[in-house]
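Okay, structure first, notes after.
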Protein chains: 2
Amino acid sequence: MVQDTVTLRLRLLFGDRLVFGPGKGELLSRIAETGSIAAAGRAMGMSYRRAWALVEEMNAAFRAPLVLSVRGGAGGGGAALSPEGRDVLAAYRALLATIEAAAAPEVARIADLLSDMSERK
Amino acid sequence: MVQDTVTLRLRLLFGDRLVFGPGKGELLSRIAETGSIAAAGRAMGMSYRRAWALVEEMNAAFRAPLVLSVRGGAGGGGAALSPEGRDVLAAYRALLATIEAAAAPEVARIADLLSDMSERK
DNA sequence: CGGCAATATGTTCTGCCAGACATAACGAGG
DNA sequence: CCTCGTTATGTCTGGCAGAACATATTGCCG
């Protein structure tokens, strides 16, 4: 095997506006596991400001908000995925899996033509 | 159908360096059809500077240069795809086709959850 | 009731990358 | 031998996305 890791980054555009990509995917995922926009942002080295902006953008783009948030209360508040949020995340993950499987042969073809990466830092 | 156009943008990363994406794909394609880096750049509203930089990057990343260029001579010079260049382009196009087919159901799932875009400018 | 941690949102600062501009070298052909 | 269009490469600059900073608000819990 010539190269260490091959990753596919997939972005979905509807019309000409970007709706979903790796960043929002991971953000959604981290919100689900941490129950907090702030914690999710911290986990990916992203300012809360930006994390929140992405959430806002998603909530506006979809028919129903993907992230539900409450403020005040125990622990200051929190956030969680709505059913739609879980749906979108699941669909996106499935998409990646499907694509990675389907793409394997062509990816290998391209990888074979790459210069050897073992001698790169 | 709720939304007009759905497009998938796919980027390939090997290790952590980006190697190939939509921009380089189209550039390669246009170089093949125009026989010139400058013309290819113009065709996609890209400065020659940038087009050339992308070519340089690709040529460096792959085992053999994807684009062969000559300067001076009839018409000032020109560029063409090397066999490896044609291979990579063909593989990338095949990749896109494969993926678009495989992705259709999940994309539809996500699209269904989008807010209606017919009432957006 | 006051502290805490998170959501929510405005304002300002900044690093960096894309594009603009400049210039050299090149080589066939008139 | 001069023109022309292209490759090749350096430098400068403006815009803007994202970070940094600032503040208000909310509601449980000790």
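In the structure tokens, the first chain shown is A, the next is B, and so on; residue numbers restart at 1 for each chain, and ligands run from 1 in the order shown.
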ask   = For chain A against chain D, which residues fall within 10 Å using only C-alpha atoms (C1' of nucleotides), given as a ChimeraX atom specification?
value = /A:46-47,49-50,70-77
task = Any chance you could list, as a PyMOL selection string, the residues in stretch 22-119 of chain B that come up strand (DSSP E or B) when DSSP is run on the backbone?
result = chain B and resi 62+67-71+77-81+114
ask   = So which one's closest to A:Val67, A:Ala94, A:Ala32, A:Leu113, A:Glu106? Using only C-alpha atoms, please.
value = A:Ala32
Which chain B residues have any atom within 7 Å of an atom of chain A, and for each, what is the nearest pair of atoms with distance in Å to one decimal, counting only C-alpha atoms, rows sorted by chain and number, as JSON lines?
```
{"residue": "B:Gln3", "atom": "CA", "partner": "A:Phe14", "partner_atom": "CA", "distance": 6.9}
{"residue": "B:Asp4", "atom": "CA", "partner": "A:Gly15", "partner_atom": "CA", "distance": 6.0}
{"residue": "B:Thr5", "atom": "CA", "partner": "A:Gly15", "partner_atom": "CA", "distance": 5.0}
{"residue": "B:Val6", "atom": "CA", "partner": "A:Phe14", "partner_atom": "CA", "distance": 4.6}
{"residue": "B:Thr7", "atom": "CA", "partner": "A:Leu13", "partner_atom": "CA", "distance": 5.2}
{"residue": "B:Leu8", "atom": "CA", "partner": "A:Leu12", "partner_atom": "CA", "distance": 5.1}
{"residue": "B:Arg9", "atom": "CA", "partner": "A:Arg11", "partner_atom": "CA", "distance": 5.1}
{"residue": "B:Leu10", "atom": "CA", "partner": "A:Leu10", "partner_atom": "CA", "distance": 4.9}
{"residue": "B:Arg11", "atom": "CA", "partner": "A:Arg9", "partner_atom": "CA", "distance": 5.1}
{"residue": "B:Leu12", "atom": "CA", "partner": "A:Leu8", "partner_atom": "CA", "distance": 5.1}
{"residue": "B:Leu13", "atom": "CA", "partner": "A:Thr7", "partner_atom": "CA", "distance": 5.2}
{"residue": "B:Phe14", "atom": "CA", "partner": "A:Val6", "partner_atom": "CA", "distance": 4.6}
{"residue": "B:Gly15", "atom": "CA", "partner": "A:Thr5", "partner_atom": "CA", "distance": 5.0}
{"residue": "B:Ala61", "atom": "CA", "partner": "A:Ser115", "partner_atom": "CA", "distance": 6.1}
{"residue": "B:Phe62", "atom": "CA", "partner": "A:Leu114", "partner_atom": "CA", "distance": 4.1}
{"residue": "B:Arg63", "atom": "CA", "partner": "A:Ser115", "partner_atom": "CA", "distance": 3.9}
{"residue": "B:Val88", "atom": "CA", "partner": "A:Ile110", "partner_atom": "CA", "distance": 5.8}
{"residue": "B:Ala91", "atom": "CA", "partner": "A:Glu106", "partner_atom": "CA", "distance": 5.5}
{"residue": "B:Leu95", "atom": "CA", "partner": "A:Glu106", "partner_atom": "CA", "distance": 6.0}
{"residue": "B:Thr98", "atom": "CA", "partner": "A:Ala102", "partner_atom": "CA", "distance": 6.8}
{"residue": "B:Ile99", "atom": "CA", "partner": "A:Ile99", "partner_atom": "CA", "distance": 5.7}
{"residue": "B:Ala102", "atom": "CA", "partner": "A:Ile99", "partner_atom": "CA", "distance": 6.7}
{"residue": "B:Ala103", "atom": "CA", "partner": "A:Leu95", "partner_atom": "CA", "distance": 6.1}
{"residue": "B:Glu106", "atom": "CA", "partner": "A:Ala91", "partner_atom": "CA", "distance": 5.6}
{"residue": "B:Arg109", "atom": "CA", "partner": "A:Ala91", "partner_atom": "CA", "distance": 6.9}
{"residue": "B:Ile110", "atom": "CA", "partner": "A:Val88", "partner_atom": "CA", "distance": 5.8}
{"residue": "B:Leu113", "atom": "CA", "partner": "A:Arg63", "partner_atom": "CA", "distance": 5.7}
{"residue": "B:Leu114", "atom": "CA", "partner": "A:Phe62", "partner_atom": "CA", "distance": 4.1}
{"residue": "B:Ser115", "atom": "CA", "partner": "A:Arg63", "partner_atom": "CA", "distance": 3.9}
```
Could you write out the selected residues, including N, CA, C and O atoms, as a CSV table (one decimal), in the first residue's frame?
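Written file, selection-v8.csv:
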```csv
chain,number,residue,atom,x,y,z
B,3,GLN,N,-36.7,20.7,-4.6
B,3,GLN,CA,-35.6,21.6,-4.9
B,3,GLN,C,-35.2,21.4,-6.4
B,3,GLN,O,-35.5,20.4,-7.0
B,4,ASP,N,-34.6,22.5,-6.9
B,4,ASP,CA,-34.3,22.5,-8.3
B,4,ASP,C,-33.1,21.5,-8.6
B,4,ASP,O,-33.3,20.5,-9.3
B,5,THR,N,-31.9,21.9,-8.2
B,5,THR,CA,-30.7,21.1,-8.5
B,5,THR,C,-30.0,20.6,-7.3
B,5,THR,O,-29.8,21.4,-6.3
B,6,VAL,N,-29.6,19.4,-7.3
B,6,VAL,CA,-28.8,18.8,-6.2
B,6,VAL,C,-27.5,18.5,-6.8
B,6,VAL,O,-27.4,17.7,-7.7
B,7,THR,N,-26.4,19.0,-6.2
B,7,THR,CA,-25.1,18.6,-6.7
B,7,THR,C,-24.2,18.1,-5.6
B,7,THR,O,-24.3,18.5,-4.5
B,8,LEU,N,-23.4,17.1,-6.0
B,8,LEU,CA,-22.5,16.6,-5.0
B,8,LEU,C,-21.1,17.0,-5.3
B,8,LEU,O,-20.7,17.0,-6.5
B,9,ARG,N,-20.4,17.6,-4.4
B,9,ARG,CA,-19.0,17.9,-4.6
B,9,ARG,C,-18.1,17.0,-3.8
B,9,ARG,O,-18.3,16.8,-2.6
B,10,LEU,N,-17.2,16.4,-4.5
B,10,LEU,CA,-16.3,15.4,-3.9
B,10,LEU,C,-14.9,15.8,-4.0
B,10,LEU,O,-14.4,16.2,-5.0
B,11,ARG,N,-14.3,15.7,-2.8
B,11,ARG,CA,-12.8,16.0,-2.8
B,11,ARG,C,-12.1,14.8,-2.2
B,11,ARG,O,-12.6,14.1,-1.3
B,12,LEU,N,-10.9,14.5,-2.9
B,12,LEU,CA,-10.1,13.4,-2.5
B,12,LEU,C,-8.9,13.9,-1.7
B,12,LEU,O,-8.2,14.7,-2.1
B,13,LEU,N,-8.7,13.3,-0.5
B,13,LEU,CA,-7.6,13.7,0.3
B,13,LEU,C,-6.7,12.4,0.6
B,13,LEU,O,-7.3,11.4,1.0
B,14,PHE,N,-5.5,12.6,0.4
B,14,PHE,CA,-4.6,11.5,0.7
B,14,PHE,C,-3.6,12.0,1.8
B,14,PHE,O,-3.0,13.0,1.6
B,15,GLY,N,-3.7,11.2,2.9
B,15,GLY,CA,-3.0,11.8,4.1
B,15,GLY,C,-3.8,12.9,4.5
B,15,GLY,O,-5.0,12.8,4.7
B,61,ALA,N,2.2,16.4,-7.0
B,61,ALA,CA,1.6,15.4,-6.2
B,61,ALA,C,1.6,14.0,-6.8
B,61,ALA,O,1.7,13.0,-6.0
B,62,PHE,N,1.6,13.9,-8.1
B,62,PHE,CA,1.6,12.6,-8.7
B,62,PHE,C,2.9,12.1,-9.1
B,62,PHE,O,3.9,12.9,-9.3
B,63,ARG,N,3.0,10.8,-9.3
B,63,ARG,CA,4.3,10.2,-9.7
B,63,ARG,C,4.8,10.8,-11.0
B,63,ARG,O,6.0,11.0,-11.1
B,88,VAL,N,-6.2,9.8,-14.7
B,88,VAL,CA,-6.8,10.4,-13.5
B,88,VAL,C,-8.1,11.1,-13.7
B,88,VAL,O,-9.1,10.9,-13.0
B,91,ALA,N,-10.7,8.4,-14.2
B,91,ALA,CA,-11.1,7.8,-13.0
B,91,ALA,C,-12.0,8.7,-12.2
B,91,ALA,O,-13.0,8.3,-11.6
B,95,LEU,N,-15.7,8.1,-11.0
B,95,LEU,CA,-16.0,8.2,-9.6
B,95,LEU,C,-17.3,9.0,-9.4
B,95,LEU,O,-18.2,8.5,-8.7
B,98,THR,N,-20.4,7.0,-10.6
B,98,THR,CA,-20.7,5.9,-9.7
B,98,THR,C,-21.4,6.4,-8.4
B,98,THR,O,-22.4,5.9,-8.0
B,99,ILE,N,-20.8,7.5,-7.9
B,99,ILE,CA,-21.2,8.0,-6.6
B,99,ILE,C,-22.6,8.6,-6.7
B,99,ILE,O,-23.5,8.5,-5.9
B,102,ALA,N,-25.1,5.8,-6.7
B,102,ALA,CA,-25.2,5.2,-5.4
B,102,ALA,C,-25.8,6.0,-4.4
B,102,ALA,O,-26.4,5.6,-3.5
B,103,ALA,N,-25.6,7.4,-4.5
B,103,ALA,CA,-26.0,8.3,-3.5
B,103,ALA,C,-27.5,8.7,-3.6
B,103,ALA,O,-28.1,9.2,-2.6
B,106,GLU,N,-30.2,8.3,-0.5
B,106,GLU,CA,-29.9,9.1,0.7
B,106,GLU,C,-30.0,10.6,0.4
B,106,GLU,O,-30.5,11.3,1.3
B,109,ARG,N,-33.5,11.4,0.7
B,109,ARG,CA,-34.0,11.4,2.1
B,109,ARG,C,-33.7,12.8,2.7
B,109,ARG,O,-34.5,13.3,3.4
B,110,ILE,N,-32.5,13.3,2.4
B,110,ILE,CA,-32.1,14.6,3.0
B,110,ILE,C,-32.9,15.7,2.3
B,110,ILE,O,-33.4,16.6,3.0
B,113,LEU,N,-36.3,16.6,3.6
B,113,LEU,CA,-36.4,17.4,4.9
B,113,LEU,C,-36.0,18.9,4.7
B,113,LEU,O,-36.2,19.6,5.7
B,114,LEU,N,-35.6,19.2,3.5
B,114,LEU,CA,-35.3,20.6,3.3
B,114,LEU,C,-36.5,21.5,3.3
B,114,LEU,O,-37.6,21.0,2.8
B,115,SER,N,-36.4,22.7,3.7
B,115,SER,CA,-37.6,23.6,3.5
B,115,SER,C,-37.7,23.9,2.0
B,115,SER,O,-36.8,23.8,1.3
```
inquiry  = Can you work out which residues from chain C touch chain B at a cut-off of 8 Å (counting only C-alpha atoms (C1' of nucleotides)) and hand them back as a PyMOL selection string?
reply    = chain C and resi 19+26-29
query = Residues at most 10 Å from stretch 37-45 of chain A, counting only C-alpha atoms (C1' of nucleotides), excluding those fewer than 2 positions away in the same chain, as number ranges by chain?
reply = A: 23, 26-35, 47-52, 55, 67, 69, 77-80; C: 5-7
